[in-house]
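Novice: One file: final.txt (compact mmCIF, C-alpha atoms).
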# COMPACT_ATOMS: atom_id res chain seq x y z
CA MET M 83 -27.21 61.27 -27.16
CA ASN M 84 -28.85 57.87 -26.78
CA ASP M 85 -32.65 57.96 -26.60
CA ASP M 86 -32.64 54.58 -24.84
CA SER M 87 -30.82 56.02 -21.83
CA GLN M 88 -33.39 58.81 -21.61
CA ILE M 89 -36.22 56.31 -21.85
CA LEU M 90 -34.73 54.03 -19.19
CA ILE M 91 -34.22 56.87 -16.71
CA ALA M 92 -37.70 58.26 -17.36
CA ARG M 93 -39.25 54.84 -16.81
CA LEU M 94 -37.37 54.37 -13.55
CA LEU M 95 -38.46 57.79 -12.32
CA THR M 96 -42.04 57.01 -13.27
CA HIS M 97 -42.33 53.43 -12.07
CA GLN M 98 -39.79 53.50 -9.20
CA THR M 99 -38.47 50.02 -10.01
CA LEU M 100 -37.97 47.87 -13.11
CA ARG M 101 -37.30 44.15 -13.30
CA ARG M 102 -33.82 42.91 -14.16
CA ASP M 103 -35.24 40.97 -17.12
CA ASP M 104 -36.59 44.17 -18.70
CA LYS M 105 -34.94 44.71 -22.10
CA LEU M 106 -33.33 48.08 -21.27
CA VAL M 107 -32.36 46.98 -17.77
CA LYS M 108 -30.62 43.91 -19.16
CA ARG M 109 -28.79 46.19 -21.56
CA VAL M 110 -27.63 48.66 -18.92
CA LEU M 111 -26.35 45.78 -16.77
CA SER M 112 -24.38 44.19 -19.60
CA ASP M 113 -23.40 47.00 -22.00
CA GLU M 114 -20.52 49.03 -20.54
CA LEU M 115 -20.91 51.97 -22.91
CA PHE M 116 -24.65 52.19 -22.34
CA ARG M 117 -24.14 51.93 -18.57
CA ALA M 118 -21.55 54.72 -18.68
CA GLU M 119 -23.98 56.98 -20.52
CA VAL M 120 -26.81 56.26 -18.08
CA ASP M 121 -24.50 56.76 -15.08
CA ALA M 122 -23.26 60.09 -16.46
CA ARG M 123 -26.77 61.42 -17.04
CA LEU M 124 -27.88 60.32 -13.59
CA LEU M 125 -24.78 61.75 -11.90
CA ALA M 126 -25.50 65.14 -13.45
CA CYS M 127 -28.74 65.08 -11.44
CA GLY M 128 -27.16 63.74 -8.23
CA MET M 129 -28.52 60.25 -8.76
CA LYS M 130 -27.29 56.72 -9.48
CA LEU M 131 -28.61 53.36 -10.62
CA LEU M 132 -29.03 50.95 -7.74
CA ASP M 133 -28.90 47.21 -8.32
CA ASN M 134 -27.50 43.99 -6.92
CA VAL M 135 -27.44 40.45 -8.26
CA TYR M 136 -29.61 39.15 -5.39
CA ALA M 137 -32.57 41.40 -6.24
CA ASP M 138 -35.02 40.99 -9.12
CA HIS M 139 -35.41 44.76 -9.62
CA VAL M 140 -33.33 47.91 -10.06
CA THR M 141 -34.13 51.42 -8.88
CA LEU M 142 -32.67 54.94 -8.60
CA ALA M 143 -31.00 56.46 -5.56
CA LEU M 144 -29.38 59.71 -4.54
CA THR M 145 -25.58 59.79 -4.54
CA ARG M 146 -23.90 60.07 -1.16
CA ALA M 147 -22.53 63.50 -1.95
CA ILE M 148 -25.97 64.97 -2.63
CA GLU M 149 -27.84 63.39 0.29
CA PRO M 150 -26.92 66.01 2.94
CA LYS M 151 -27.94 68.81 0.58
CA ILE M 152 -31.37 67.24 0.13
CA PHE M 153 -32.11 65.90 3.60
CA GLY M 154 -29.96 68.13 5.81
CA ALA M 155 -26.85 67.57 7.87
CA ARG M 156 -26.28 63.99 8.98
CA ASP M 157 -26.58 64.88 12.67
CA VAL M 158 -30.01 66.48 12.27
CA TRP M 159 -31.81 64.59 9.54
CA GLN M 160 -34.08 61.66 10.31
CA ASN M 161 -32.60 58.19 10.61
CA ASN M 162 -34.33 57.44 7.32
CA ASN M 163 -35.80 59.46 4.48
CA PHE M 164 -39.04 57.55 4.08
CA GLY M 165 -40.84 59.30 6.95
CA LEU M 166 -40.92 56.12 9.03
CA ALA M 167 -41.32 56.35 12.79
CA ARG M 168 -38.84 54.49 14.99
CA ASP M 169 -41.06 51.41 15.29
CA GLY M 170 -41.49 51.39 11.51
CA VAL M 171 -37.72 51.43 11.05
CA ALA M 172 -37.36 48.59 13.56
CA LEU M 173 -40.04 46.56 11.76
CA LEU M 174 -38.28 47.13 8.42
CA VAL M 175 -34.99 45.84 9.82
CA VAL M 176 -36.71 42.77 11.31
CA LEU M 177 -38.39 41.98 7.99
CA TRP M 178 -35.13 42.46 6.10
CA ALA M 179 -33.27 40.15 8.48
CA GLN M 180 -35.89 37.42 8.36
CA ILE M 181 -36.65 37.53 4.64
CA VAL M 182 -33.56 38.76 2.80
CA LEU M 183 -30.75 37.08 4.74
CA PRO M 184 -32.18 33.52 4.44
CA LYS M 185 -32.98 34.21 0.79
CA ARG M 186 -29.40 35.29 0.09
CA GLU M 187 -28.05 32.15 1.73
CA ARG M 188 -30.23 30.04 -0.55
CA GLN M 189 -29.14 32.05 -3.59
CA GLU M 190 -25.46 31.72 -2.72
CA THR M 191 -25.85 27.95 -2.47
CA HIS M 192 -27.92 27.94 -5.68
CA GLN M 193 -30.94 26.57 -3.86
CA HIS M 194 -34.55 27.29 -4.79
CA ALA M 195 -37.02 27.78 -1.96
CA GLU M 196 -38.90 24.54 -2.59
CA GLU M 197 -35.83 22.33 -3.08
CA ASP M 198 -34.54 19.71 -0.72
CA GLN M 199 -31.44 20.85 1.13
CA ASN M 200 -29.54 17.84 -0.20
CA ASP M 201 -29.36 19.70 -3.51
CA MET M 202 -28.14 22.97 -2.07
CA PHE M 203 -24.51 22.51 -3.09
CA ASP M 204 -25.19 22.08 -6.78
CA LYS M 205 -23.46 25.23 -8.03
CA ASP M 206 -23.57 24.47 -11.74
CA ARG M 207 -26.89 26.26 -12.01
CA PRO M 208 -27.17 30.07 -12.31
CA LEU M 209 -27.96 32.22 -9.29
CA PRO M 210 -31.69 31.76 -8.56
CA ARG M 211 -33.93 34.79 -8.86
CA ALA M 212 -35.18 36.40 -5.67
CA GLU M 213 -38.75 35.28 -6.30
CA ASP M 214 -37.55 31.67 -6.61
CA SER M 215 -35.52 31.73 -3.37
CA SER M 216 -37.53 34.01 -1.10
CA THR M 217 -40.14 32.36 1.12
CA GLY M 218 -41.52 35.27 3.16
CA ILE M 219 -42.65 35.02 6.78
CA SER M 220 -45.94 34.41 8.54
CA TYR M 221 -47.81 37.50 9.72
CA LYS M 222 -49.03 35.61 12.80
CA ALA M 223 -45.48 34.56 13.69
CA LEU M 224 -44.24 38.14 13.23
CA LEU M 225 -47.00 39.48 15.46
CA SER M 226 -46.33 36.83 18.10
CA ASP M 227 -42.56 37.38 18.15
CA PHE M 228 -42.38 41.15 17.81
CA GLY M 229 -45.85 42.61 18.39
CA ASP M 230 -45.20 43.69 21.98
CA LYS M 231 -41.95 45.41 20.99
CA LEU M 232 -43.30 47.12 17.88
CA GLY M 233 -46.51 48.74 19.04
CA LYS M 234 -48.83 45.71 19.09
CA LYS M 235 -51.23 44.74 16.31
CA THR M 236 -52.72 48.13 15.41
CA ARG M 237 -49.37 49.88 15.13
CA MET M 238 -47.71 46.96 13.35
CA ASP M 239 -50.53 46.74 10.82
CA MET M 240 -50.19 50.45 10.12
CA ASN M 241 -46.43 50.16 9.58
CA LEU M 242 -46.84 47.08 7.40
CA GLY M 243 -49.22 49.10 5.24
CA ILE M 244 -46.65 51.90 4.92
CA LEU M 245 -43.85 49.46 4.05
CA ALA M 246 -46.06 47.81 1.44
CA LYS M 247 -46.94 51.20 -0.07
CA LEU M 248 -43.25 52.13 -0.26
CA GLY M 249 -42.41 48.87 -2.03
CA PHE M 250 -40.42 47.12 0.70
CA ILE M 251 -42.88 44.25 1.19
CA GLU M 252 -45.98 42.65 -0.29
CA ARG M 253 -48.86 41.01 1.59
CA ARG M 254 -50.10 37.71 0.21
CA GLY M 255 -52.83 36.61 2.56
CA GLU M 256 -51.18 35.76 5.88
CA VAL M 257 -47.67 35.76 4.40
CA ILE M 258 -45.38 38.78 4.11
CA VAL M 259 -43.00 38.53 1.17
CA GLU M 260 -40.13 40.58 -0.24
CA GLY M 261 -41.06 43.68 -2.18
CA PRO M 262 -38.96 45.23 -4.98
CA LEU M 263 -36.99 47.52 -2.66
CA LEU M 264 -36.29 45.33 0.37
CA ASP M 265 -33.00 43.93 -0.94
CA LEU M 266 -32.06 47.09 -2.83
CA MET M 267 -32.35 49.81 -0.20
CA MET M 268 -30.71 48.08 2.76
CA ASP M 269 -26.92 48.12 3.04
CA THR M 270 -26.31 44.41 3.66
CA ASP M 271 -22.54 44.73 4.11
CA LEU M 272 -23.05 47.30 6.85
CA LEU M 273 -26.03 45.71 8.57
CA LYS M 274 -25.50 41.97 8.42
CA GLU M 275 -23.01 41.50 11.23
CA ARG M 276 -24.51 44.28 13.32
CA ILE M 277 -27.99 42.76 13.13
CA VAL M 278 -27.35 39.02 13.01
CA ASN M 279 -24.69 39.04 15.72
CA GLY M 280 -26.12 41.98 17.64
CA ALA M 281 -29.64 43.31 17.86
CA LEU M 282 -31.33 40.17 16.46
CA ALA M 283 -28.86 37.56 17.65
CA ASP M 284 -31.57 35.83 19.69
CA VAL M 285 -33.79 35.56 16.63
CA PHE M 286 -31.09 33.73 14.70
CA GLN M 287 -30.12 31.73 17.80
CA ARG M 288 -26.60 32.99 17.67
CA ALA M 289 -24.50 34.58 20.37
CA PRO M 290 -23.16 38.10 19.79
CA ALA M 291 -19.75 38.15 18.13
CA ASN M 292 -18.16 39.48 21.33
CA ALA M 293 -20.01 38.28 24.41
CA ALA M 294 -18.02 40.64 26.62
CA GLU M 295 -19.54 43.62 24.89
CA PRO M 296 -23.33 44.12 25.08
CA ALA M 297 -25.17 44.54 21.82
CA PRO M 298 -25.81 48.22 21.04
CA GLU M 299 -29.27 49.54 21.70
CA ALA M 300 -31.45 50.25 18.71
CA GLU M 301 -31.25 53.98 19.39
CA ALA M 302 -27.48 54.11 19.37
CA GLU M 303 -27.17 54.49 15.62
CA PRO M 304 -29.63 54.56 12.74
CA VAL M 305 -29.72 51.29 10.85
CA VAL M 306 -31.70 51.87 7.74
CA ALA M 307 -31.45 52.53 4.13
CA ALA M 308 -28.35 53.97 3.44
CA ASP M 309 -29.40 54.69 -0.14
CA ALA M 310 -32.49 56.78 -0.73
CA ALA M 311 -34.74 56.39 -3.74
CA THR M 312 -36.25 59.74 -4.52
CA THR M 313 -39.34 58.25 -6.11
CA VAL M 314 -40.74 56.73 -2.94
CA GLN M 315 -40.86 59.76 -0.72
CA PRO M 316 -44.15 59.89 1.21
CA ASN M 317 -46.20 63.03 1.09
Turn the structure described in the file into structure tokens.

Specialist:
Amino acid sequence: MNDDSQILIARLLTHQTLRRDDKLVKRVLSDELFRAEVDARLLACGMKLLDNVYADHVTLALTRAIEPKIFGARDVWQNNNFGLARDGVALLVVLWAQIVLPKRERQETHQHAEEDQNDMFDKDRPLPRAEDSSTGISYKALLSDFGDKLGKKTRMDMNLGILAKLGFIERRGEVIVEGPLLDLMMDTDLLKERIVNGALADVFQRAPANAAEPAPEAEAEPVVAADAATTVQPN
């Protein structure tokens, strides 16, 4: 049994996230045999390694099969497993849409955040890291655009503090930037069209995909974190 796989899993459980350029993380992402051993050990505990090429970190999550046994039946458990209230969930989705989606577009066109857009089609370069392509958003702009809908300043500040503590965001003065989990814990394939062409269509200045059908209300279906990291559960 490989001690490195034990060490990697223990470090992830302890630290919640590890950077992709960490020695053992690089190995598990490139060494098929090592990845198979790590996956097998995690699966025996109902867990899996969670990563994507657009994020600078990796983390652990529960497998789909084990989620209902931990959090309850799907029709009775909360719409998230981080203990967030409804306005906190809504704020998380807004932040994801305004930070992660533009960042991914820059990464897919191999554009760094500070580069001129004339260079955005140079695809000979490797995919930029998240920290090189993510620009964050202004706290004042967020408060102005969404404060009235998300509980005003006091409530928004409280939820921003919770999201920062959980690792979804970081506060750098008046700018809110991507945290280690923001692009890992949100199911982009599921949410992108629903959010960009639905609930937040006005934010992106786009019409809903089907104008004849009204966009679903936020309460119609939970829209968060499809994968749940067990190491960030609030008390």

Novice: To one decimal place in Å, what is the distance between atom CA of Ala147 of chain M and atom CA of Leu124 of chain M?

Specialist: 13.2 Å

Novice: Can you list, as number ranges by chain, every protein, DNA or RNA residue that comes within 9 Å of segment 244-254 of chain M when you count all atoms listed in the file, leaving out same-chain residues fewer than 6 positions away?

Specialist: M: 98-99, 164, 166, 170, 174, 177-178, 221, 260-265, 267, 314-316

Novice: Which residues come within 8 Å of Lys185 of chain M, counting only C-alpha atoms, excluding same-chain residues fewer than 4 positions away, as a VMD selection string?

Specialist: chain M and resid 181 189 212 215 to 217

Novice: For the residues in that selection, give me C-alpha atoms as a compact mmCIF listing (two decimals), keeping the file's coordinate frame.

Specialist:
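Listed below is the output, out_14.txt:
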# COMPACT_ATOMS: atom_id res chain seq x y z
CA ILE M 181 -36.65 37.53 4.64
CA GLN M 189 -29.14 32.05 -3.59
CA ALA M 212 -35.18 36.40 -5.67
CA SER M 215 -35.52 31.73 -3.37
CA SER M 216 -37.53 34.01 -1.10
CA THR M 217 -40.14 32.36 1.12

Novice: Please determine, counting only C-alpha atoms, which residue among M:Val107, M:Val176, M:Ala92, M:Ala223 has the shortest atom-to-atom distance to Asp138 of chain M.

Specialist: M:Val107

Novice: Tell me which of M:Pro150, M:Ala126, M:Arg109, M:Ala172 sits closest to Leu232 of chain M, counting only C-alpha atoms.

Specialist: M:Ala172

Novice: Taking (-29.3, 59.1, -9.8) in the coordinates of the supplied file, I want to know which residues reach to within 6 Å of it, counting only C-alpha atoms; could you give the answer as a PDB file with C-alpha atoms, keeping the file's coordinate frame?

Specialist:
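Writing done, so here's selection.pdb:
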ATOM      1  CA  LEU M 124     -27.880  60.320 -13.590  1.00  0.00           C
ATOM      2  CA  LEU M 125     -24.780  61.750 -11.900  1.00  0.00           C
ATOM      3  CA  GLY M 128     -27.160  63.740  -8.230  1.00  0.00           C
ATOM      4  CA  MET M 129     -28.520  60.250  -8.760  1.00  0.00           C
ATOM      5  CA  LYS M 130     -27.290  56.720  -9.480  1.00  0.00           C
ATOM      6  CA  LEU M 131     -28.610  53.360 -10.620  1.00  0.00           C
ATOM      7  CA  LEU M 142     -32.670  54.940  -8.600  1.00  0.00           C
ATOM      8  CA  ALA M 143     -31.000  56.460  -5.560  1.00  0.00           C
ATOM      9  CA  LEU M 144     -29.380  59.710  -4.540  1.00  0.00           C
TER      10      LEU M 144
END

Novice: Quick one: distance from atom CA of Leu173 of chain M to atom CA of Asp269 of chain M in Å, one decimal?

Specialist: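 Distance between the two atoms: 15.8 Å.
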
Novice: Rank nothing, just name the residue among M:Ser112, M:Asp214, M:His139, M:Ser226 nearest to Arg186 of chain M, using all atoms listed in the file.

Specialist: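 The closest residue to Arg186 of chain M is M:Asp214.
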
Novice: Take every atom of segment 147-150 of chain M listed in the file, fit an axis-aligned box around them, add 3 Å per side, and give the centre and edge lengths in Å to one decimal as AutoDock Vina command-line options.

Specialist:
--center_x -25.2 --center_y 64.7 --center_z 0.2 --size_x 11.3 --size_y 8.6 --size_z 11.6

Novice: Quick one, how far is atom CA of Ile219 of chain M from atom CA of Gln180 of chain M?

Specialist: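 Between atom CA of Ile219 of chain M and atom CA of Gln180 of chain M the gap works out to 7.3 Å.
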
Novice: Rank M:Leu273, M:Ile148, M:Leu224, M:Leu90 by their smallest atom-to-atom distance to Cys127 of chain M, using only C-alpha atoms, and report the top residue only.

Specialist: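 With only C-alpha atoms as the atom set, the closest residue is M:Ile148.
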
Novice: Taking only C-alpha atoms into account, name the residue in M:Val135, M:Ala118, M:Leu100, M:Met240 that is nearest to Pro210 of chain M.

Specialist: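 Closest to Pro210 of chain M, using only C-alpha atoms: M:Val135.
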
Novice: Using only C-alpha atoms, which of the listed residues (M:Asp86, M:Glu256, M:Glu187, M:Asp239) sits closest to Gly218 of chain M?

Specialist: M:Glu256

Novice: I need segment 207-220 of chain M written out with all heavy atoms, as a PDB file, in the first residue's frame; please produce it.

Specialist:
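Result written to result-v3.pdb:
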ATOM      1  N   ARG M 207      -0.240  29.106 -26.061  1.00  0.00           N
ATOM      2  CA  ARG M 207       0.170  29.096 -24.665  1.00  0.00           C
ATOM      3  C   ARG M 207      -0.686  28.109 -23.862  1.00  0.00           C
ATOM      4  O   ARG M 207      -1.807  27.808 -24.239  1.00  0.00           O
ATOM      5  CB  ARG M 207       0.043  30.498 -24.076  1.00  0.00           C
ATOM      6  CG  ARG M 207       0.988  31.502 -24.689  1.00  0.00           C
ATOM      7  CD  ARG M 207       0.665  32.907 -24.237  1.00  0.00           C
ATOM      8  NE  ARG M 207      -0.633  33.333 -24.741  1.00  0.00           N
ATOM      9  CZ  ARG M 207      -1.177  34.516 -24.464  1.00  0.00           C
ATOM     10  NH1 ARG M 207      -0.556  35.357 -23.670  1.00  0.00           N
ATOM     11  NH2 ARG M 207      -2.347  34.841 -24.969  1.00  0.00           N
ATOM     12  N   PRO M 208      -0.171  27.618 -22.735  1.00  0.00           N
ATOM     13  CA  PRO M 208      -0.972  26.709 -21.898  1.00  0.00           C
ATOM     14  C   PRO M 208      -2.144  27.439 -21.262  1.00  0.00           C
ATOM     15  O   PRO M 208      -2.175  28.675 -21.205  1.00  0.00           O
ATOM     16  CB  PRO M 208       0.037  26.247 -20.833  1.00  0.00           C
ATOM     17  CG  PRO M 208       1.057  27.329 -20.778  1.00  0.00           C
ATOM     18  CD  PRO M 208       1.173  27.844 -22.183  1.00  0.00           C
ATOM     19  N   LEU M 209      -3.098  26.669 -20.769  1.00  0.00           N
ATOM     20  CA  LEU M 209      -4.259  27.239 -20.095  1.00  0.00           C
ATOM     21  C   LEU M 209      -3.801  28.067 -18.900  1.00  0.00           C
ATOM     22  O   LEU M 209      -3.094  27.564 -18.029  1.00  0.00           O
ATOM     23  CB  LEU M 209      -5.178  26.111 -19.621  1.00  0.00           C
ATOM     24  CG  LEU M 209      -6.541  26.528 -19.053  1.00  0.00           C
ATOM     25  CD1 LEU M 209      -7.470  26.922 -20.189  1.00  0.00           C
ATOM     26  CD2 LEU M 209      -7.143  25.386 -18.249  1.00  0.00           C
ATOM     27  N   PRO M 210      -4.176  29.341 -18.816  1.00  0.00           N
ATOM     28  CA  PRO M 210      -3.738  30.169 -17.686  1.00  0.00           C
ATOM     29  C   PRO M 210      -4.309  29.661 -16.364  1.00  0.00           C
ATOM     30  O   PRO M 210      -5.400  29.092 -16.309  1.00  0.00           O
ATOM     31  CB  PRO M 210      -4.322  31.554 -18.018  1.00  0.00           C
ATOM     32  CG  PRO M 210      -4.624  31.526 -19.470  1.00  0.00           C
ATOM     33  CD  PRO M 210      -4.974  30.114 -19.781  1.00  0.00           C
ATOM     34  N   ARG M 211      -3.569  29.846 -15.300  1.00  0.00           N
ATOM     35  CA  ARG M 211      -4.057  29.486 -13.974  1.00  0.00           C
ATOM     36  C   ARG M 211      -5.217  30.396 -13.589  1.00  0.00           C
ATOM     37  O   ARG M 211      -5.355  31.497 -14.110  1.00  0.00           O
ATOM     38  CB  ARG M 211      -2.935  29.611 -12.948  1.00  0.00           C
ATOM     39  CG  ARG M 211      -1.772  28.664 -13.164  1.00  0.00           C
ATOM     40  CD  ARG M 211      -0.695  28.900 -12.122  1.00  0.00           C
ATOM     41  NE  ARG M 211      -0.225  30.288 -12.149  1.00  0.00           N
ATOM     42  CZ  ARG M 211       0.618  30.803 -11.255  1.00  0.00           C
ATOM     43  NH1 ARG M 211       1.072  30.051 -10.271  1.00  0.00           N
ATOM     44  NH2 ARG M 211       1.013  32.054 -11.359  1.00  0.00           N
ATOM     45  N   ALA M 212      -6.024  29.929 -12.654  1.00  0.00           N
ATOM     46  CA  ALA M 212      -7.162  30.719 -12.201  1.00  0.00           C
ATOM     47  C   ALA M 212      -6.714  32.067 -11.655  1.00  0.00           C
ATOM     48  O   ALA M 212      -7.320  33.102 -11.940  1.00  0.00           O
ATOM     49  CB  ALA M 212      -7.946  29.950 -11.139  1.00  0.00           C
ATOM     50  N   GLU M 213      -5.647  32.087 -10.874  1.00  0.00           N
ATOM     51  CA  GLU M 213      -5.219  33.339 -10.259  1.00  0.00           C
ATOM     52  C   GLU M 213      -4.698  34.334 -11.290  1.00  0.00           C
ATOM     53  O   GLU M 213      -4.664  35.545 -11.027  1.00  0.00           O
ATOM     54  CB  GLU M 213      -4.153  33.083  -9.201  1.00  0.00           C
ATOM     55  CG  GLU M 213      -2.864  32.509  -9.718  1.00  0.00           C
ATOM     56  CD  GLU M 213      -1.869  32.183  -8.603  1.00  0.00           C
ATOM     57  OE1 GLU M 213      -2.315  31.897  -7.473  1.00  0.00           O
ATOM     58  OE2 GLU M 213      -0.661  32.215  -8.880  1.00  0.00           O
ATOM     59  N   ASP M 214      -4.325  33.858 -12.486  1.00  0.00           N
ATOM     60  CA  ASP M 214      -3.864  34.750 -13.535  1.00  0.00           C
ATOM     61  C   ASP M 214      -5.002  35.255 -14.422  1.00  0.00           C
ATOM     62  O   ASP M 214      -4.817  36.214 -15.174  1.00  0.00           O
ATOM     63  CB  ASP M 214      -2.834  34.041 -14.420  1.00  0.00           C
ATOM     64  CG  ASP M 214      -1.551  33.728 -13.676  1.00  0.00           C
ATOM     65  OD1 ASP M 214      -1.202  34.487 -12.756  1.00  0.00           O
ATOM     66  OD2 ASP M 214      -0.904  32.712 -14.001  1.00  0.00           O
ATOM     67  N   SER M 215      -6.164  34.598 -14.357  1.00  0.00           N
ATOM     68  CA  SER M 215      -7.282  34.960 -15.232  1.00  0.00           C
ATOM     69  C   SER M 215      -8.483  35.524 -14.482  1.00  0.00           C
ATOM     70  O   SER M 215      -9.389  36.075 -15.101  1.00  0.00           O
ATOM     71  CB  SER M 215      -7.742  33.729 -16.026  1.00  0.00           C
ATOM     72  OG  SER M 215      -6.705  33.234 -16.823  1.00  0.00           O
ATOM     73  N   SER M 216      -8.503  35.372 -13.175  1.00  0.00           N
ATOM     74  CA  SER M 216      -9.640  35.810 -12.383  1.00  0.00           C
ATOM     75  C   SER M 216      -9.410  37.233 -11.883  1.00  0.00           C
ATOM     76  O   SER M 216      -8.358  37.549 -11.333  1.00  0.00           O
ATOM     77  CB  SER M 216      -9.845  34.860 -11.194  1.00  0.00           C
ATOM     78  OG  SER M 216     -11.014  35.193 -10.489  1.00  0.00           O
ATOM     79  N   THR M 217     -10.412  38.095 -12.075  1.00  0.00           N
ATOM     80  CA  THR M 217     -10.258  39.501 -11.701  1.00  0.00           C
ATOM     81  C   THR M 217     -11.046  39.890 -10.455  1.00  0.00           C
ATOM     82  O   THR M 217     -10.790  40.937  -9.883  1.00  0.00           O
ATOM     83  CB  THR M 217     -10.705  40.417 -12.853  1.00  0.00           C
ATOM     84  OG1 THR M 217     -12.077  40.135 -13.175  1.00  0.00           O
ATOM     85  CG2 THR M 217      -9.841  40.196 -14.087  1.00  0.00           C
ATOM     86  N   GLY M 218     -12.018  39.083 -10.037  1.00  0.00           N
ATOM     87  CA  GLY M 218     -12.832  39.456  -8.889  1.00  0.00           C
ATOM     88  C   GLY M 218     -13.835  40.539  -9.241  1.00  0.00           C
ATOM     89  O   GLY M 218     -13.905  41.011 -10.382  1.00  0.00           O
ATOM     90  N   ILE M 219     -14.619  40.942  -8.259  1.00  0.00           N
ATOM     91  CA  ILE M 219     -15.620  41.992  -8.468  1.00  0.00           C
ATOM     92  C   ILE M 219     -15.584  42.976  -7.313  1.00  0.00           C
ATOM     93  O   ILE M 219     -15.145  42.659  -6.212  1.00  0.00           O
ATOM     94  CB  ILE M 219     -17.054  41.406  -8.604  1.00  0.00           C
ATOM     95  CG1 ILE M 219     -17.450  40.642  -7.335  1.00  0.00           C
ATOM     96  CG2 ILE M 219     -17.153  40.491  -9.812  1.00  0.00           C
ATOM     97  CD1 ILE M 219     -18.899  40.186  -7.370  1.00  0.00           C
ATOM     98  N   SER M 220     -16.055  44.165  -7.560  1.00  0.00           N
ATOM     99  CA  SER M 220     -16.070  45.228  -6.563  1.00  0.00           C
ATOM    100  C   SER M 220     -17.169  44.985  -5.532  1.00  0.00           C
ATOM    101  O   SER M 220     -18.320  44.705  -5.891  1.00  0.00           O
ATOM    102  CB  SER M 220     -16.291  46.574  -7.246  1.00  0.00           C
ATOM    103  OG  SER M 220     -16.690  47.571  -6.326  1.00  0.00           O
TER     104      SER M 220
END
